[in-house]
>>> print(open('target-v3.tsv').read())   # TSV, N, CA and C atoms
chain	number	residue	atom	x	y	z
A	270	MET	N	-3.92	77.12	-44.62
A	270	MET	CA	-2.90	76.17	-44.29
A	270	MET	C	-2.95	75.03	-45.31
A	271	ALA	N	-1.81	74.65	-45.84
A	271	ALA	CA	-1.75	73.61	-46.85
A	271	ALA	C	-1.31	72.30	-46.21
A	272	TYR	N	-1.92	71.25	-46.69
A	272	TYR	CA	-1.57	69.93	-46.20
A	272	TYR	C	-0.96	69.14	-47.34
A	273	ALA	N	0.10	68.48	-47.06
A	273	ALA	CA	0.73	67.62	-48.07
A	273	ALA	C	0.36	66.18	-47.77
A	274	THR	N	-0.10	65.53	-48.78
A	274	THR	CA	-0.44	64.12	-48.61
A	274	THR	C	0.75	63.29	-49.09
A	275	VAL	N	1.26	62.53	-48.20
A	275	VAL	CA	2.41	61.69	-48.52
A	275	VAL	C	1.91	60.26	-48.61
A	276	THR	N	2.13	59.67	-49.77
A	276	THR	CA	1.76	58.27	-49.92
A	276	THR	C	3.04	57.46	-49.91
A	277	ALA	N	3.25	56.79	-48.84
A	277	ALA	CA	4.45	55.97	-48.72
A	277	ALA	C	4.22	54.63	-49.41
A	278	ASP	N	5.22	54.24	-50.18
A	278	ASP	CA	5.12	52.92	-50.79
A	278	ASP	C	5.22	51.88	-49.69
A	279	ARG	N	4.24	51.04	-49.66
A	279	ARG	CA	4.22	50.02	-48.63
A	279	ARG	C	5.10	48.86	-49.05
A	280	ALA	N	5.72	48.28	-48.10
A	280	ALA	CA	6.52	47.09	-48.37
A	280	ALA	C	5.59	45.96	-48.79
A	281	PRO	N	6.08	45.08	-49.64
A	281	PRO	CA	5.22	43.96	-50.05
A	281	PRO	C	4.76	43.15	-48.84
A	282	SER	N	3.57	42.63	-48.94
A	282	SER	CA	3.04	41.85	-47.83
A	282	SER	C	3.82	40.54	-47.70
A	283	VAL	N	3.62	39.90	-46.59
A	283	VAL	CA	4.30	38.62	-46.34
A	283	VAL	C	3.90	37.60	-47.39
A	284	VAL	N	2.64	37.59	-47.74
A	284	VAL	CA	2.16	36.63	-48.74
A	284	VAL	C	2.84	36.88	-50.08
A	285	THR	N	2.97	38.15	-50.46
A	285	THR	CA	3.62	38.49	-51.72
A	285	THR	C	5.07	38.05	-51.70
A	286	ARG	N	5.75	38.28	-50.58
A	286	ARG	CA	7.16	37.87	-50.49
A	286	ARG	C	7.31	36.36	-50.53
A	287	VAL	N	6.43	35.63	-49.87
A	287	VAL	CA	6.49	34.17	-49.89
A	287	VAL	C	6.23	33.65	-51.30
A	288	LEU	N	5.21	34.20	-51.95
A	288	LEU	CA	4.92	33.76	-53.32
A	288	LEU	C	6.07	34.08	-54.26
A	289	SER	N	6.70	35.22	-54.08
A	289	SER	CA	7.86	35.58	-54.90
A	289	SER	C	9.02	34.61	-54.66
A	290	ALA	N	9.25	34.25	-53.41
A	290	ALA	CA	10.31	33.29	-53.09
A	290	ALA	C	10.01	31.92	-53.69
A	291	LEU	N	8.75	31.50	-53.63
A	291	LEU	CA	8.39	30.22	-54.22
A	291	LEU	C	8.58	30.23	-55.73
A	292	LYS	N	8.18	31.33	-56.36
A	292	LYS	CA	8.34	31.45	-57.81
A	292	LYS	C	9.82	31.41	-58.19
A	293	SER	N	10.63	32.11	-57.43
A	293	SER	CA	12.08	32.12	-57.68
A	293	SER	C	12.68	30.73	-57.49
A	294	THR	N	12.24	30.04	-56.44
A	294	THR	CA	12.75	28.69	-56.17
A	294	THR	C	12.35	27.73	-57.28
A	295	ARG	N	11.11	27.84	-57.74
A	295	ARG	CA	10.66	26.96	-58.83
A	295	ARG	C	11.45	27.23	-60.10
A	296	ALA	N	11.74	28.49	-60.38
A	296	ALA	CA	12.52	28.82	-61.57
A	296	ALA	C	13.94	28.28	-61.45
A	297	THR	N	14.51	28.36	-60.26
A	297	THR	CA	15.86	27.83	-60.04
A	297	THR	C	15.87	26.32	-60.22
A	298	TRP	N	14.87	25.64	-59.68
A	298	TRP	CA	14.77	24.19	-59.85
A	298	TRP	C	14.63	23.81	-61.31
A	299	ALA	N	13.83	24.57	-62.04
A	299	ALA	CA	13.65	24.28	-63.47
A	299	ALA	C	14.96	24.46	-64.23
A	300	ARG	N	15.71	25.53	-63.92
A	300	ARG	CA	17.00	25.74	-64.59
A	300	ARG	C	17.98	24.62	-64.22
A	301	ASN	N	18.00	24.22	-62.96
A	301	ASN	CA	18.88	23.13	-62.55
A	301	ASN	C	18.52	21.83	-63.26
A	302	ALA	N	17.23	21.56	-63.39
A	302	ALA	CA	16.79	20.35	-64.08
A	302	ALA	C	17.19	20.39	-65.56
A	303	ALA	N	17.05	21.56	-66.17
A	303	ALA	CA	17.46	21.71	-67.58
A	303	ALA	C	18.96	21.50	-67.74
A	304	TYR	N	19.74	22.04	-66.80
A	304	TYR	CA	21.19	21.85	-66.84
A	304	TYR	C	21.54	20.38	-66.73
A	305	LYS	N	20.96	19.68	-65.74
A	305	LYS	CA	21.26	18.26	-65.56
A	305	LYS	C	20.84	17.44	-66.77
A	306	ARG	N	19.67	17.76	-67.35
A	306	ARG	CA	19.20	17.05	-68.53
A	306	ARG	C	20.15	17.25	-69.71
A	307	THR	N	20.56	18.49	-69.94
A	307	THR	CA	21.47	18.80	-71.04
A	307	THR	C	22.81	18.11	-70.82
A	308	PHE	N	23.34	18.22	-69.61
A	308	PHE	CA	24.63	17.60	-69.30
A	308	PHE	C	24.56	16.08	-69.52
A	309	ASN	N	23.52	15.45	-68.98
A	309	ASN	CA	23.40	14.00	-69.09
A	309	ASN	C	23.22	13.54	-70.53
A	310	GLU	N	22.45	14.29	-71.32
A	310	GLU	CA	22.26	13.91	-72.72
A	310	GLU	C	23.58	13.97	-73.48
A	311	LEU	N	24.38	15.00	-73.25
A	311	LEU	CA	25.67	15.10	-73.92
A	311	LEU	C	26.64	14.07	-73.38
A	312	ASP	N	26.60	13.83	-72.09
A	312	ASP	CA	27.53	12.88	-71.47
A	312	ASP	C	27.27	11.45	-71.93
A	313	ARG	N	26.04	11.13	-72.30
A	313	ARG	CA	25.71	9.79	-72.77
A	313	ARG	C	26.26	9.50	-74.16
A	314	LEU	N	26.59	10.54	-74.91
A	314	LEU	CA	27.10	10.34	-76.26
A	314	LEU	C	28.50	9.73	-76.21
A	315	SER	N	28.82	8.93	-77.21
A	315	SER	CA	30.16	8.36	-77.28
A	315	SER	C	31.14	9.44	-77.73
A	316	ASN	N	32.43	9.15	-77.56
A	316	ASN	CA	33.45	10.10	-78.00
A	316	ASN	C	33.34	10.36	-79.50
A	317	ARG	N	33.01	9.34	-80.26
A	317	ARG	CA	32.86	9.49	-81.71
A	317	ARG	C	31.69	10.42	-82.04
A	318	GLU	N	30.56	10.23	-81.36
A	318	GLU	CA	29.39	11.09	-81.61
A	318	GLU	C	29.69	12.54	-81.22
A	319	LEU	N	30.40	12.72	-80.12
A	319	LEU	CA	30.78	14.07	-79.71
A	319	LEU	C	31.70	14.70	-80.74
A	320	ALA	N	32.65	13.93	-81.24
A	320	ALA	CA	33.57	14.45	-82.25
A	320	ALA	C	32.82	14.83	-83.52
A	321	ASP	N	31.80	14.06	-83.87
A	321	ASP	CA	31.01	14.36	-85.07
A	321	ASP	C	30.31	15.72	-84.98
A	322	ILE	N	29.91	16.11	-83.77
A	322	ILE	CA	29.23	17.40	-83.62
A	322	ILE	C	30.18	18.48	-83.10
A	323	GLY	N	31.46	18.15	-83.01
A	323	GLY	CA	32.47	19.15	-82.67
A	323	GLY	C	32.55	19.52	-81.21
A	324	ILE	N	32.28	18.56	-80.34
A	324	ILE	CA	32.33	18.82	-78.90
A	324	ILE	C	33.35	17.90	-78.27
A	325	ARG	N	34.19	18.48	-77.41
A	325	ARG	CA	35.12	17.66	-76.63
A	325	ARG	C	34.43	17.31	-75.31
A	326	ARG	N	34.73	16.14	-74.80
A	326	ARG	CA	34.09	15.70	-73.56
A	326	ARG	C	34.35	16.68	-72.42
A	327	CYS	N	35.51	17.29	-72.39
A	327	CYS	CA	35.82	18.24	-71.31
A	327	CYS	C	35.01	19.53	-71.41
A	328	ASP	N	34.36	19.76	-72.54
A	328	ASP	CA	33.56	20.99	-72.72
A	328	ASP	C	32.08	20.80	-72.41
A	329	ILE	N	31.67	19.60	-72.08
A	329	ILE	CA	30.25	19.32	-71.86
A	329	ILE	C	29.67	20.19	-70.74
A	330	GLU	N	30.39	20.31	-69.65
A	330	GLU	CA	29.88	21.10	-68.52
A	330	GLU	C	29.69	22.56	-68.92
A	331	ASP	N	30.66	23.13	-69.63
A	331	ASP	CA	30.55	24.53	-70.06
A	331	ASP	C	29.41	24.72	-71.05
A	332	ILE	N	29.24	23.79	-71.96
A	332	ILE	CA	28.17	23.88	-72.96
A	332	ILE	C	26.81	23.81	-72.29
A	333	ALA	N	26.65	22.88	-71.36
A	333	ALA	CA	25.37	22.74	-70.65
A	333	ALA	C	25.07	24.00	-69.85
A	334	ARG	N	26.08	24.55	-69.17
A	334	ARG	CA	25.88	25.76	-68.38
A	334	ARG	C	25.49	26.93	-69.27
A	335	PHE	N	26.18	27.10	-70.41
A	335	PHE	CA	25.88	28.19	-71.31
A	335	PHE	C	24.47	28.04	-71.90
A	336	HIS	N	24.10	26.80	-72.24
A	336	HIS	CA	22.78	26.54	-72.81
A	336	HIS	C	21.67	26.95	-71.86
A	337	VAL	N	21.85	26.69	-70.58
A	337	VAL	CA	20.79	26.94	-69.60
A	337	VAL	C	20.87	28.34	-69.01
A	338	TYR	N	22.05	28.77	-68.63
A	338	TYR	CA	22.19	30.02	-67.89
A	338	TYR	C	22.65	31.20	-68.76
A	339	GLY	N	23.05	30.91	-69.98
A	339	GLY	CA	23.55	31.97	-70.84
A	339	GLY	C	24.99	32.30	-70.52
A	340	ALA	N	25.41	33.48	-70.95
A	340	ALA	CA	26.81	33.91	-70.80
A	340	ALA	C	27.32	33.49	-69.46
>>> encode(input="target-v3.tsv", output="structure tokens")
Amino acid sequence: MAYATVTADRAPSVVTRVLSALKSTRATWARNAAYKRTFNELDRLSNRELADIGIRRCDIEDIARFHVYGA
């Protein structure tokens, strides 16, 4: 008689899931902080300084988002 050994993948433990959630939350906070920092740095520039680097004030939000989050 043959026996088959089935090894079921166990679901991650509660501790693993909590640590994963914390890691994800910290990464999200870091990205949000980078977005706010980038946005604020560009927003502080005068219209003349923005024109010198080829940025319109209405594009600051899009530029900050692309810089932090990518496409």
>>> atom_distance(input="target-v3.tsv", atom1="CA of Ala333 (chain A)", atom2="CA of Thr297 (chain A)")
15.1 Å
>>> select_by_dssp(input="target-v3.tsv", residues="chain A", states="alpha helix (DSSP H)", output="JSON, numbers by chain")
{"A": [283, 284, 285, 286, 287, 288, 289, 290, 291, 292, 293, 294, 295, 296, 297, 298, 299, 300, 301, 302, 303, 304, 305, 306, 307, 308, 309, 310, 311, 312, 316, 317, 318, 319, 320, 321, 329, 330, 331, 332, 333, 334, 335, 336, 337, 338]}
>>> closest_residue(input="target-v3.tsv", among="A:Leu291, A:Ala299, A:Ile332, A:Ser282", to="Leu311 (chain A)", atoms="only C-alpha atoms")
A:Ile332
>>> closest_residue(input="target-v3.tsv", among="A:Tyr338, A:Asp278, A:Tyr272, A:Arg325", to="Ala303 (chain A)", atoms="only C-alpha atoms")
A:Tyr338
>>> atom_distance(input="target-v3.tsv", atom1="atom N of Arg300 (chain A)", atom2="atom N of Arg313 (chain A)")
19.6 Å
>>> closest_residue(input="target-v3.tsv", among="A:Ala296, A:Arg279, A:Ile329, A:Ile322", to="Phe308 (chain A)", atoms="only C-alpha atoms")
A:Ile329
>>> atom_distance(input="target-v3.tsv", atom1="CA of Glu318 (chain A)", atom2="atom C of Arg306 (chain A)")
16.3 Å
>>> closest_residue(input="target-v3.tsv", among="A:Leu319, A:Val283, A:Ala340, A:Glu330", to="Thr307 (chain A)", atoms="all atoms listed in the file")
A:Glu330
